[in-house]
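Undergrad: This is the structure, below, for whatever I ask next.
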Amino acid sequence: MCGIVGYIGPKNSLPILLEGLRRLEYRGYDSAGVALIHDGKLEVHKKAGKVADLVASMKGTHASAQLGIGHTRWATHGEPNDVNAHPHWDCKHEIAIIHNGIIENYVALKIKLQKDGHTIRTVTDTEILVHLIEEMYKRSHDLFTAVRLALLEVEGAYGILVISTKEPDRIIAARKGSPLVIGIGDDESLVASDAAALVDHTRQVIYLEDGQVACLTADSVTIKTIHDQEIIKQVEEITFDLEQIEKGGYEHFMLKEIHEQPTSILNSMRGRLLLQEGTAKLGGLEPVMDKLLAAKRFIITACGTSWHAALAGKYMIEQLTGIPVEVDYASEFRYRNPVVQPGDVVFVISQSGETADTLAALREAQSKGATVLGIVNVVGSTIARATDAGVFIHAGPEIGVASTKAFTSQLSVLALISLLLARHRGMSKEQGITIARDLQSVPEKIEKVLTQIDQIKYIAEEFKHAQNFIYLGRGINFPTALEGALKLKEISYIHAEGYPAAEMKHGPIALIDENMPVVFIVPKDAIYDKVLSNIQEVRARKGRIIAIANEDDTEIGNLSDFVVRVPRTLSYFGPIVNSIPLQLLAYYMAVARGCNVDQPRNLAKSVTVE
Ligand code: F6R
């Protein structure tokens with residue numbers, strides 16, 4: 001999704017903005033631009049395409065300005081071209097704005113502004129906002145106030161930065177529904193949609209909240225609500241390292257993140273998995289333990305990959321605790337007037353903590369009186385702050401657009417929650433210890449899967465020209481199949497479907513012929529024989545079978561065209577291990593097809609629009 005960065009201070013802002021935008025590239029975007037105030041004049045450069053295209057288009061310009069804002073846009077209103085790219089400016093070319101989010105009432109505002117004589121040049125909702133600020137500036141002659149007054153008339157979501165030639169010593173920032181973090185340096189201030197763009201310059205940050213507007217000068221930050229109440233905010237320290245968000249020798253972030261999983265899963269369990277006691281300790285849930293134990297039902301809501309984790313979590317929680325779990329897409333939950341009963345506990349899962357649909361589902365559940373708990377990666381994110389309590393997954397920054405390590409850490413946290421609840425509901429200590437030991441061994445098992453890369457590359461070469469794929473699994477590996485299919489379509493643009501294996505005969509079997517690759521997740525669990533029957537059904541129709549099977553499975557080799565071996569785990573934790581070869585398969589297929597793995601077309605890392 002769109003990225004924002006702003007700088008004011010003694011240095012030349014342009015290289016700082018461009019480097020900041022590069023750090024935000026992982027979010028996915030389709031155009032980029034900067035606005036600088038230089039010798040009292042507003043200078044804007046913008047270009048469809050990548051930050052590199054913007055830089056190329058600026059060759060020959062020698063802008064050196066101590067105040068500037070930069071943006072990467074992911075189109076919502078108006079196609080991704082040079083004109084619609086941000087920044088946008090007012091009629092007099094004095095005020096510039098960059099904006100993440102959507103102004104919902106922009107049509108009504110546009111009609112009014114046009115009547116008042118404003119000339120609107122683009123079809124974007126953002127341009128309307130800068131004209132509205134221009135209008136308010138006529139009344140207040142103060143940029144901070146003008147932005148505040150304009151925002152009082154706006155419906156929708158925004159993270160914005162505004163600068164003006166009339167006040168070249170400040171950046172005005174405001175947020176509602178789209179994150180902004182302010183960086184405090186030595187005689188310089190920065191602001192960005194993501195701390196990744198700031199860490200080169202400072203670790204001292206202030207997270208702006210919804211409904212707040214900030215005025216940044218080189219040596220001060222003033223924050224107010226849009227209703228003009230002054231706010232005192234705490235300065236916090238960023239704790240992650242820069243190298244954590246760099247590629248560390250891997251060709252792509254996605255590959256680096258796949259390889260990080262033994263460590264990221266360990267981090268998600270560190271200090272939480274109590275082997276001796278056969279249980280888990282989750283400090284973030286302690287304040288709500290009474291509610292968790294009294295709950296008659298859980299609801300889990302999320303989007304995309306996080307929704308797949310939720311679905312696997314349903315199997316874990318139901319099997320280990322006997323408490324019923326409903327899983328819902330956040331985008332559906334928010335609008336279907338869901339039945340939430342007193343005592344229900346709702347979990348929301350989100351890597352970014354900024355997904356608009358998930359945030360809305362969270363608010364819907366809270367408005368209905370549920371206790372809402374987060375399973376979130378990004379500390380300080382909107383969802384993390386809006387939930388009543390929760391558990392951070394501690395996967396570290398996930399840069400590749402296709403989620404990998406966040407997914408497996410979400411699963412390991414769901415496993416910890418299941419174990420903790422199960423022990424409180426009567427699971428014996430012995431059984432708890434068996435489960436805890438198995439969970440503890442998962443990172444090591446993933447290391448083993450990572451040694452299968454040559455086989456996976458070979459399979460990818462074999463199928464790189466395929467146009468369709470089917471992924472089949474049963475029980476808790478049905479969500480694994482869904483996730484495998486999603487990874488493949490996201491980054492290699494091959495059409496892929498995931499199904500419960502037994503559902504195949506109710507329709508998808510019509511698609512099977514000698515050209516159809518079918519990936520079976522077939523661990524030696526209680527339903528192994530059933531899945532073998534499904535494999536036979538595909539074989540009988542000449543489908544090409546790729547099996548993800550256990551190391552000690554001696555039958556599968558005769559039934560499949562290709563096998564990737566994975567160590568055995570307790571069935572509850574199967575998806576954590578079994579999804580690794582599927583991530584690798586998607587990755588190597590995408591590489592073999594020459595796709596942009598880390599920034600797949602049309603996708604954004606953090607989906608802050610509904
Ligand atoms: C897929 C992917 C998306 C996200 C979804 C939710 O690889 O990354 O499907 O899982 O957009 O995002 P979060 O977890 O940030 O709420």
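Within each chain, counting starts at residue 1; across the structure tokens, chains are named A, B, ... in the order shown, with ligands numbered 1 upward in that order.
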As a ChimeraX atom specification, please: the residues near region 475-487 of chain A (cut-off 9 Å, only C-alpha atoms, same-chain neighbours under 2 positions excluded).
TA: /A:304-305,307-316,402-404,469-473,489-492,495-501,519-523,527,571-576,578-579,581-583,585-587
Undergrad: Could you write those residues out with C-alpha atoms, as a compact mmCIF listing (two decimals), in the first residue's frame?
TA:
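Saved result, again-v1.txt, follows:
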```txt
# COMPACT_ATOMS: atom_id res chain seq x y z
CA GLY A 304 -5.81 -13.59 3.37
CA THR A 305 -2.95 -15.62 4.76
CA TRP A 307 -7.29 -16.02 7.66
CA HIS A 308 -5.66 -19.32 6.69
CA ALA A 309 -3.79 -19.25 10.01
CA ALA A 310 -7.13 -18.60 11.72
CA LEU A 311 -8.66 -21.64 10.01
CA ALA A 312 -5.78 -23.87 11.13
CA GLY A 313 -6.18 -22.31 14.60
CA LYS A 314 -9.79 -23.50 14.64
CA TYR A 315 -8.62 -27.09 14.23
CA MET A 316 -5.99 -26.68 16.94
CA ALA A 402 3.75 -12.62 0.19
CA SER A 403 3.50 -13.50 3.85
CA THR A 404 5.63 -16.48 4.94
CA PHE A 469 -2.62 -25.93 -10.07
CA ILE A 470 -4.78 -27.70 -7.52
CA TYR A 471 -3.77 -28.06 -3.85
CA LEU A 472 -5.48 -30.69 -1.73
CA GLY A 473 -5.28 -31.49 1.97
CA LYS A 489 -1.16 -17.33 -7.42
CA GLU A 490 0.17 -14.23 -5.66
CA ILE A 491 3.72 -14.36 -6.88
CA SER A 492 3.75 -16.54 -10.03
CA HIS A 495 -4.24 -19.91 -11.29
CA ALA A 496 -4.37 -22.19 -8.25
CA GLU A 497 -7.18 -23.56 -6.11
CA GLY A 498 -7.06 -25.13 -2.69
CA TYR A 499 -9.69 -27.68 -1.64
CA PRO A 500 -10.33 -30.21 1.08
CA ALA A 501 -9.09 -33.35 -0.69
CA VAL A 519 -0.22 -30.92 -4.88
CA PHE A 520 -1.28 -33.27 -2.08
CA ILE A 521 -0.40 -32.58 1.55
CA VAL A 522 -0.43 -36.12 2.83
CA PRO A 523 1.18 -36.61 6.27
CA ILE A 527 -6.74 -39.65 7.65
CA SER A 571 -1.07 -33.29 13.50
CA TYR A 572 -1.91 -29.97 15.24
CA PHE A 573 1.40 -28.51 14.11
CA GLY A 574 1.46 -30.08 10.63
CA PRO A 575 0.65 -26.83 8.80
CA ILE A 576 3.69 -25.09 10.30
CA ASN A 578 4.07 -28.57 5.67
CA SER A 579 3.59 -25.02 4.45
CA PRO A 581 7.76 -26.62 0.87
CA LEU A 582 4.68 -24.89 -0.53
CA GLN A 583 6.22 -21.47 0.11
CA LEU A 585 7.55 -24.12 -4.52
CA ALA A 586 5.69 -20.84 -5.08
CA TYR A 587 8.95 -18.94 -4.75
```
Undergrad: Neighbouring residues of Gln351 (chain A) were defined as those with any atom within 9 Å, considering only C-alpha atoms; residues of the same chain fewer than 3 positions away were excluded. Please report them as a PDB file with all heavy atoms, in the first residue's frame.
TA:
```pdb
ATOM      1  N   SER A 306      -3.522 -14.554   6.863  1.00  0.00           N
ATOM      2  CA  SER A 306      -3.835 -14.567   8.301  1.00  0.00           C
ATOM      3  C   SER A 306      -5.148 -15.322   8.539  1.00  0.00           C
ATOM      4  O   SER A 306      -5.334 -15.946   9.585  1.00  0.00           O
ATOM      5  CB  SER A 306      -3.935 -13.132   8.838  1.00  0.00           C
ATOM      6  OG  SER A 306      -2.702 -12.500   8.695  1.00  0.00           O
ATOM      7  N   GLU A 354      -2.532  -3.342  10.377  1.00  0.00           N
ATOM      8  CA  GLU A 354      -3.130  -2.154   9.776  1.00  0.00           C
ATOM      9  C   GLU A 354      -4.234  -2.493   8.781  1.00  0.00           C
ATOM     10  O   GLU A 354      -4.778  -1.588   8.151  1.00  0.00           O
ATOM     11  CB  GLU A 354      -2.061  -1.318   9.034  1.00  0.00           C
ATOM     12  CG  GLU A 354      -0.896  -0.857   9.888  1.00  0.00           C
ATOM     13  CD  GLU A 354      -1.289   0.138  10.982  1.00  0.00           C
ATOM     14  OE1 GLU A 354      -2.429   0.668  10.911  1.00  0.00           O
ATOM     15  OE2 GLU A 354      -0.493   0.359  11.907  1.00  0.00           O
ATOM     16  N   THR A 355      -4.546  -3.757   8.587  1.00  0.00           N
ATOM     17  CA  THR A 355      -5.508  -4.141   7.551  1.00  0.00           C
ATOM     18  C   THR A 355      -6.884  -3.539   7.868  1.00  0.00           C
ATOM     19  O   THR A 355      -7.456  -3.782   8.938  1.00  0.00           O
ATOM     20  CB  THR A 355      -5.578  -5.675   7.459  1.00  0.00           C
ATOM     21  OG1 THR A 355      -4.261  -6.140   7.189  1.00  0.00           O
ATOM     22  CG2 THR A 355      -6.519  -6.138   6.376  1.00  0.00           C
ATOM     23  N   ILE A 375      -3.653 -11.048  17.577  1.00  0.00           N
ATOM     24  CA  ILE A 375      -2.453 -11.854  17.319  1.00  0.00           C
ATOM     25  C   ILE A 375      -1.766 -11.105  16.188  1.00  0.00           C
ATOM     26  O   ILE A 375      -2.172 -11.198  15.018  1.00  0.00           O
ATOM     27  CB  ILE A 375      -2.823 -13.307  16.939  1.00  0.00           C
ATOM     28  CG1 ILE A 375      -3.569 -13.970  18.107  1.00  0.00           C
ATOM     29  CG2 ILE A 375      -1.576 -14.103  16.559  1.00  0.00           C
ATOM     30  CD1 ILE A 375      -4.068 -15.382  17.826  1.00  0.00           C
ATOM     31  N   VAL A 376      -0.790 -10.302  16.533  1.00  0.00           N
ATOM     32  CA  VAL A 376      -0.294  -9.272  15.619  1.00  0.00           C
ATOM     33  C   VAL A 376       1.222  -9.330  15.574  1.00  0.00           C
ATOM     34  O   VAL A 376       1.876  -9.708  16.542  1.00  0.00           O
ATOM     35  CB  VAL A 376      -0.770  -7.879  16.131  1.00  0.00           C
ATOM     36  CG1 VAL A 376      -0.172  -6.746  15.321  1.00  0.00           C
ATOM     37  CG2 VAL A 376      -2.295  -7.781  16.097  1.00  0.00           C
ATOM     38  N   ASN A 377       1.789  -8.945  14.413  1.00  0.00           N
ATOM     39  CA  ASN A 377       3.251  -8.887  14.327  1.00  0.00           C
ATOM     40  C   ASN A 377       3.792  -7.501  14.654  1.00  0.00           C
ATOM     41  O   ASN A 377       4.711  -7.377  15.450  1.00  0.00           O
ATOM     42  CB  ASN A 377       3.709  -9.320  12.925  1.00  0.00           C
ATOM     43  CG  ASN A 377       5.208  -9.565  12.870  1.00  0.00           C
ATOM     44  OD1 ASN A 377       5.814  -9.925  13.889  1.00  0.00           O
ATOM     45  ND2 ASN A 377       5.802  -9.364  11.723  1.00  0.00           N
ATOM     46  N   VAL A 378       3.212  -6.469  14.023  1.00  0.00           N
ATOM     47  CA  VAL A 378       3.827  -5.141  14.138  1.00  0.00           C
ATOM     48  C   VAL A 378       3.419  -4.467  15.450  1.00  0.00           C
ATOM     49  O   VAL A 378       2.252  -4.108  15.651  1.00  0.00           O
ATOM     50  CB  VAL A 378       3.470  -4.268  12.921  1.00  0.00           C
ATOM     51  CG1 VAL A 378       4.101  -2.885  13.071  1.00  0.00           C
ATOM     52  CG2 VAL A 378       3.947  -4.940  11.636  1.00  0.00           C
ATOM     53  N   ILE A 393       3.436 -11.823  17.724  1.00  0.00           N
ATOM     54  CA  ILE A 393       4.021 -13.069  17.205  1.00  0.00           C
ATOM     55  C   ILE A 393       5.549 -12.981  17.088  1.00  0.00           C
ATOM     56  O   ILE A 393       6.206 -13.991  16.887  1.00  0.00           O
ATOM     57  CB  ILE A 393       3.397 -13.491  15.856  1.00  0.00           C
ATOM     58  CG1 ILE A 393       3.660 -12.460  14.752  1.00  0.00           C
ATOM     59  CG2 ILE A 393       1.908 -13.752  16.000  1.00  0.00           C
ATOM     60  CD1 ILE A 393       3.300 -12.962  13.363  1.00  0.00           C
ATOM     61  N   ALA A 395       7.644 -12.122  14.796  1.00  0.00           N
ATOM     62  CA  ALA A 395       8.282 -12.700  13.609  1.00  0.00           C
ATOM     63  C   ALA A 395       9.358 -11.768  13.054  1.00  0.00           C
ATOM     64  O   ALA A 395      10.128 -12.160  12.185  1.00  0.00           O
ATOM     65  CB  ALA A 395       7.231 -12.981  12.536  1.00  0.00           C
ATOM     66  N   GLU A 398       8.404  -8.194   8.280  1.00  0.00           N
ATOM     67  CA  GLU A 398       8.183  -9.026   7.088  1.00  0.00           C
ATOM     68  C   GLU A 398       8.070  -8.068   5.901  1.00  0.00           C
ATOM     69  O   GLU A 398       7.149  -7.256   5.832  1.00  0.00           O
ATOM     70  CB  GLU A 398       6.912  -9.872   7.238  1.00  0.00           C
ATOM     71  CG  GLU A 398       6.795 -10.900   6.132  1.00  0.00           C
ATOM     72  CD  GLU A 398       5.563 -11.784   6.296  1.00  0.00           C
ATOM     73  OE1 GLU A 398       4.436 -11.251   6.161  1.00  0.00           O
ATOM     74  OE2 GLU A 398       5.717 -12.981   6.560  1.00  0.00           O
ATOM     75  N   SER A 403       3.211 -13.201   2.446  1.00  0.00           N
ATOM     76  CA  SER A 403       3.502 -13.505   3.851  1.00  0.00           C
ATOM     77  C   SER A 403       3.997 -14.947   4.010  1.00  0.00           C
ATOM     78  O   SER A 403       3.403 -15.878   3.469  1.00  0.00           O
ATOM     79  CB  SER A 403       2.219 -13.307   4.655  1.00  0.00           C
ATOM     80  OG  SER A 403       2.481 -13.485   6.019  1.00  0.00           O
ATOM     81  N   ALA A 406       5.441 -14.717   8.895  1.00  0.00           N
ATOM     82  CA  ALA A 406       4.374 -14.261   9.794  1.00  0.00           C
ATOM     83  C   ALA A 406       3.329 -15.377   9.931  1.00  0.00           C
ATOM     84  O   ALA A 406       2.816 -15.622  11.021  1.00  0.00           O
ATOM     85  CB  ALA A 406       3.733 -12.991   9.273  1.00  0.00           C
ATOM     86  N   PHE A 407       3.041 -16.064   8.807  1.00  0.00           N
ATOM     87  CA  PHE A 407       2.049 -17.146   8.831  1.00  0.00           C
ATOM     88  C   PHE A 407       2.461 -18.236   9.823  1.00  0.00           C
ATOM     89  O   PHE A 407       1.672 -18.640  10.693  1.00  0.00           O
ATOM     90  CB  PHE A 407       1.909 -17.727   7.418  1.00  0.00           C
ATOM     91  CG  PHE A 407       1.009 -18.926   7.319  1.00  0.00           C
ATOM     92  CD1 PHE A 407      -0.349 -18.820   7.558  1.00  0.00           C
ATOM     93  CD2 PHE A 407       1.524 -20.170   6.961  1.00  0.00           C
ATOM     94  CE1 PHE A 407      -1.191 -19.931   7.456  1.00  0.00           C
ATOM     95  CE2 PHE A 407       0.696 -21.281   6.849  1.00  0.00           C
ATOM     96  CZ  PHE A 407      -0.662 -21.160   7.111  1.00  0.00           C
ATOM     97  N   GLN A 410       2.238 -17.007  13.338  1.00  0.00           N
ATOM     98  CA  GLN A 410       0.829 -16.936  13.779  1.00  0.00           C
ATOM     99  C   GLN A 410       0.382 -18.320  14.230  1.00  0.00           C
ATOM    100  O   GLN A 410      -0.270 -18.482  15.269  1.00  0.00           O
ATOM    101  CB  GLN A 410      -0.065 -16.455  12.627  1.00  0.00           C
ATOM    102  CG  GLN A 410       0.094 -14.977  12.296  1.00  0.00           C
ATOM    103  CD  GLN A 410      -0.494 -14.603  10.938  1.00  0.00           C
ATOM    104  OE1 GLN A 410      -0.833 -15.475  10.121  1.00  0.00           O
ATOM    105  NE2 GLN A 410      -0.607 -13.314  10.678  1.00  0.00           N
ATOM    106  N   SER A 606       0.387  -3.998   2.940  1.00  0.00           N
ATOM    107  CA  SER A 606      -0.510  -3.661   4.030  1.00  0.00           C
ATOM    108  C   SER A 606      -1.741  -3.030   3.401  1.00  0.00           C
ATOM    109  O   SER A 606      -1.641  -1.989   2.758  1.00  0.00           O
ATOM    110  CB  SER A 606       0.262  -2.713   4.943  1.00  0.00           C
ATOM    111  OG  SER A 606      -0.592  -2.067   5.804  1.00  0.00           O
TER     112      SER A 606
END
```
Undergrad: I'd like the contact shell of Val564 (chain A) - 8 Å cut-off, only C-alpha atoms, skipping same-chain residues fewer than 4 positions apart - returned as a ChimeraX atom specification.
TA: /A:452,455-456,546-549,581
Undergrad: Under the rule that only C-alpha atoms are counted, which of A:Arg423, A:Ile223, A:Lys405, A:Gly177 is the nearest residue to Ser381 (chain A)?
TA: A:Gly177
Undergrad: Which residues are close to Gly278 (chain A), i.e. within 12 Å by only C-alpha atoms, leaving aside same-chain residues fewer than 6 positions away? Reply as a PyMOL selection string.
TA: chain A and resi 272+416+419-424+427-440
Undergrad: Can you list, as JSON, numbers by chain, every residue of region 466-592 of chain A that DSSP puts in strand (DSSP E or B)?
TA: {"A": [468, 469, 470, 471, 472, 473, 495, 496, 497, 498, 499, 500, 517, 518, 519, 520, 521, 522, 544, 545, 546, 547, 548, 549, 550, 562, 563, 564, 565, 566]}
Undergrad: Find the residues of region 86-121 of chain A that sit at most 6 Å from region 161-168 of chain A; for each, write down the nearest two atoms and how far apart they are in Å, to one decimal. Count only C-alpha atoms. Sort by chain, then by number going up, and give it as a tab-separated table.
TA:
```
residue	atom	partner	partner_atom	distance
A:Glu94	CA	A:Thr165	CA	5.3
A:Ile95	CA	A:Ser164	CA	4.3
A:Ala96	CA	A:Ile163	CA	5.4
A:Ile97	CA	A:Val162	CA	4.5
A:Ile98	CA	A:Leu161	CA	5.4
```
Undergrad: What is the distance, in Å and to one decimal place, between CA of Gln366 (chain A) and CA of Lys176 (chain A)?
TA: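 One can read the CA of Gln366 (chain A) to CA of Lys176 (chain A) distance as 18.5 Å.
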Undergrad: Could you check the closest approach to Glu610 (chain A) for each of A:Cys303, A:Pro262, A:Cys91, A:Ala146 and tell me which residue wins, using only C-alpha atoms?
TA: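 The answer is A:Cys303, which sits nearest to Glu610 (chain A).
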Undergrad: Nearest to Glu555 (chain A) among A:Ala466, A:Met589, A:Gln204, A:Tyr528, with distances taken over only C-alpha atoms: which residue is it?
TA: A:Tyr528
Undergrad: Record the distance separating CA of Arg474 (chain A) and CA of Ile535 (chain A), expressed in Å with one decimal.
TA: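 Atom-to-atom, CA of Arg474 (chain A) to CA of Ile535 (chain A), that is 12.0 Å.
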Undergrad: When you count only C-alpha atoms and all ligand atoms, which of these residues is closest to ligand 1: A:Phe562, A:Tyr7, A:Tyr329, A:Tyr158?
TA: A:Tyr329
Undergrad: Considering only C-alpha atoms, return as an MDAnalysis selection string whatever protein or nucleic-acid residues lie within 10 Å of region 345-348 of chain A, sequence-local ones (same chain, fewer than 6 positions apart) excluded.
TA: chainID A and resid 288 291:303 306:307 310 325:328 330 358:359 361:362 365:366 369:376 383:384 387 389:390
Undergrad: Residues at most 12 Å from Ile160 (chain A), counting only C-alpha atoms, excluding those fewer than 4 positions away in the same chain, as a compact mmCIF listing (two decimals) with N, CA and C atoms, in the first residue's frame?
TA:
```txt
# COMPACT_ATOMS: atom_id res chain seq x y z
N CYS A 2 0.28 2.41 -0.15
CA CYS A 2 1.07 3.63 -0.33
C CYS A 2 2.08 3.83 0.80
N GLY A 3 3.17 4.50 0.46
CA GLY A 3 4.18 4.83 1.46
C GLY A 3 4.36 6.33 1.55
N ILE A 4 4.70 6.79 2.75
CA ILE A 4 4.86 8.22 3.00
C ILE A 4 6.18 8.44 3.70
N VAL A 5 6.90 9.51 3.29
CA VAL A 5 8.06 9.92 4.07
C VAL A 5 8.22 11.44 3.98
N GLY A 6 8.62 12.05 5.06
CA GLY A 6 8.82 13.50 5.06
C GLY A 6 10.05 13.85 5.87
N ILE A 69 8.65 16.14 1.04
CA ILE A 69 7.79 14.98 1.33
C ILE A 69 7.82 14.04 0.12
N GLY A 70 7.72 12.75 0.36
CA GLY A 70 7.78 11.78 -0.73
C GLY A 70 6.71 10.70 -0.55
N HIS A 71 6.31 10.12 -1.68
CA HIS A 71 5.16 9.21 -1.64
C HIS A 71 5.31 8.09 -2.65
N HIS A 86 1.11 11.12 -6.54
CA HIS A 86 1.23 12.18 -5.53
C HIS A 86 2.65 12.74 -5.60
N PRO A 87 2.94 13.89 -5.13
CA PRO A 87 2.10 14.88 -4.45
C PRO A 87 1.12 15.60 -5.40
N HIS A 88 0.06 16.14 -4.78
CA HIS A 88 -0.87 17.03 -5.48
C HIS A 88 -0.74 18.41 -4.87
N ALA A 96 1.37 21.55 -0.98
CA ALA A 96 1.45 20.20 -1.56
C ALA A 96 1.03 19.18 -0.52
N ILE A 97 0.44 18.11 -1.02
CA ILE A 97 -0.05 17.05 -0.12
C ILE A 97 0.35 15.68 -0.65
N ILE A 98 0.62 14.76 0.27
CA ILE A 98 0.66 13.33 -0.06
C ILE A 98 -0.32 12.63 0.88
N HIS A 99 -0.89 11.53 0.41
CA HIS A 99 -2.02 10.96 1.14
C HIS A 99 -2.08 9.44 0.96
N ASN A 100 -2.21 8.73 2.04
CA ASN A 100 -2.58 7.30 2.01
C ASN A 100 -4.02 7.19 2.48
N GLY A 101 -4.80 6.35 1.84
CA GLY A 101 -6.18 6.15 2.30
C GLY A 101 -7.17 6.61 1.24
N ILE A 102 -8.40 6.80 1.65
CA ILE A 102 -9.46 7.17 0.70
C ILE A 102 -10.34 8.24 1.33
N ILE A 103 -10.58 9.32 0.59
CA ILE A 103 -11.52 10.34 1.05
C ILE A 103 -12.90 9.96 0.49
N THR A 126 -7.40 12.67 -3.48
CA THR A 126 -6.39 13.41 -2.72
C THR A 126 -6.33 14.88 -3.13
N GLU A 127 -6.45 15.12 -4.44
CA GLU A 127 -6.33 16.52 -4.88
C GLU A 127 -7.42 17.38 -4.25
N LEU A 129 -8.54 17.21 -1.34
CA LEU A 129 -8.15 17.58 0.03
C LEU A 129 -7.21 18.78 0.03
N VAL A 130 -6.30 18.85 -0.93
CA VAL A 130 -5.36 19.98 -0.92
C VAL A 130 -6.10 21.29 -1.26
N ILE A 133 -7.80 22.37 1.88
CA ILE A 133 -6.83 23.00 2.80
C ILE A 133 -6.53 24.43 2.33
N VAL A 147 -5.16 22.65 8.01
CA VAL A 147 -5.27 21.20 7.81
C VAL A 147 -6.31 20.64 8.77
N ARG A 148 -6.25 21.10 10.00
CA ARG A 148 -7.21 20.62 11.01
C ARG A 148 -8.64 20.91 10.58
N ALA A 150 -9.79 21.50 7.62
CA ALA A 150 -10.17 20.72 6.42
C ALA A 150 -10.56 19.30 6.83
N LEU A 151 -9.80 18.73 7.74
CA LEU A 151 -10.06 17.34 8.11
C LEU A 151 -11.40 17.18 8.83
N ILE A 171 6.23 20.72 8.52
CA ILE A 171 5.42 19.70 7.82
C ILE A 171 4.22 19.45 8.73
N ILE A 172 3.04 19.42 8.15
CA ILE A 172 1.86 19.05 8.93
C ILE A 172 1.51 17.60 8.58
N ALA A 173 1.32 16.80 9.62
CA ALA A 173 1.00 15.37 9.42
C ALA A 173 -0.31 15.08 10.14
N ALA A 174 -1.13 14.21 9.56
CA ALA A 174 -2.38 13.84 10.25
C ALA A 174 -2.74 12.42 9.89
N ARG A 175 -3.41 11.74 10.81
CA ARG A 175 -3.82 10.36 10.50
C ARG A 175 -5.21 10.02 11.00
N LYS A 176 -5.86 9.21 10.21
CA LYS A 176 -7.08 8.52 10.63
C LYS A 176 -7.12 7.24 9.81
N GLY A 177 -6.86 6.15 10.44
CA GLY A 177 -6.96 4.86 9.76
C GLY A 177 -5.77 4.50 8.89
N SER A 178 -4.74 5.32 8.84
CA SER A 178 -3.57 4.99 8.03
C SER A 178 -2.33 5.43 8.81
N PRO A 179 -1.42 4.54 9.13
CA PRO A 179 -0.41 4.82 10.15
C PRO A 179 0.60 5.89 9.77
N LEU A 180 1.06 6.63 10.76
CA LEU A 180 2.15 7.59 10.60
C LEU A 180 3.00 7.53 11.85
N VAL A 181 4.31 7.54 11.65
CA VAL A 181 5.20 7.55 12.80
C VAL A 181 6.19 8.70 12.61
N VAL A 191 9.06 11.94 9.26
CA VAL A 191 7.76 11.29 9.46
C VAL A 191 7.56 10.30 8.33
N ALA A 192 6.98 9.15 8.66
CA ALA A 192 6.81 8.12 7.63
C ALA A 192 5.63 7.23 7.98
N SER A 193 5.18 6.49 6.97
CA SER A 193 4.08 5.57 7.21
C SER A 193 4.58 4.29 7.88
N LEU A 208 1.69 8.49 15.83
CA LEU A 208 0.51 9.36 15.80
C LEU A 208 -0.74 8.48 15.88
N ASP A 210 -5.10 7.94 15.59
CA ASP A 210 -6.22 8.40 14.77
C ASP A 210 -6.79 9.69 15.36
N GLY A 211 -7.13 10.63 14.48
CA GLY A 211 -7.74 11.88 14.93
C GLY A 211 -6.73 12.90 15.41
N GLN A 212 -5.43 12.62 15.22
CA GLN A 212 -4.41 13.58 15.66
C GLN A 212 -3.71 14.24 14.47
N VAL A 213 -3.31 15.50 14.69
CA VAL A 213 -2.60 16.28 13.67
C VAL A 213 -1.31 16.76 14.32
N ALA A 214 -0.20 16.67 13.58
CA ALA A 214 1.08 17.08 14.17
C ALA A 214 1.72 18.16 13.32
N CYS A 215 2.42 19.07 13.99
CA CYS A 215 3.20 20.08 13.28
C CYS A 215 4.67 19.82 13.61
```
Undergrad: From a DSSP calculation on the backbone, collect every residue of region 243-323 of chain A in alpha helix (DSSP H) and output the set as a ChimeraX atom specification.
TA: /A:253-259,261-269,289-294,304-321
Undergrad: Enumerate, in order of chain and increasing residue number, the residues of region 318-414 of chain A with an atom no farther than 7 Å from region 17-38 of chain A, each with its shortest atom pair and distance in Å to one decimal, counting only C-alpha atoms, as a Markdown table.
TA:
```
| residue | atom | partner | partner_atom | distance |
| --- | --- | --- | --- | --- |
| A:Ile399 | CA | A:Tyr26 | CA | 5.6 |
| A:Gly400 | CA | A:Tyr26 | CA | 6.2 |
| A:Val401 | CA | A:Tyr26 | CA | 6.4 |
```
Undergrad: Using the selection just defined, write its residues with N, CA and C atoms as a compact mmCIF listing (two decimals), in the first residue's frame.
TA:
```txt
# COMPACT_ATOMS: atom_id res chain seq x y z
N ILE A 399 9.03 -8.19 4.98
CA ILE A 399 9.12 -7.21 3.89
C ILE A 399 8.50 -7.77 2.60
N GLY A 400 8.78 -9.04 2.30
CA GLY A 400 8.20 -9.64 1.09
C GLY A 400 6.68 -9.51 1.15
N VAL A 401 6.09 -9.14 0.02
CA VAL A 401 4.63 -8.93 0.04
C VAL A 401 3.90 -10.23 0.39
```
Undergrad: Measuring atom to atom with only C-alpha atoms, identify which of A:Gly156, A:Thr145, A:Trp89, A:Ser533 is nearest to Ile128 (chain A).
TA: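 Checking each of A:Gly156, A:Thr145, A:Trp89, A:Ser533 against Ile128 (chain A), counting only C-alpha atoms, the winner is A:Trp89.
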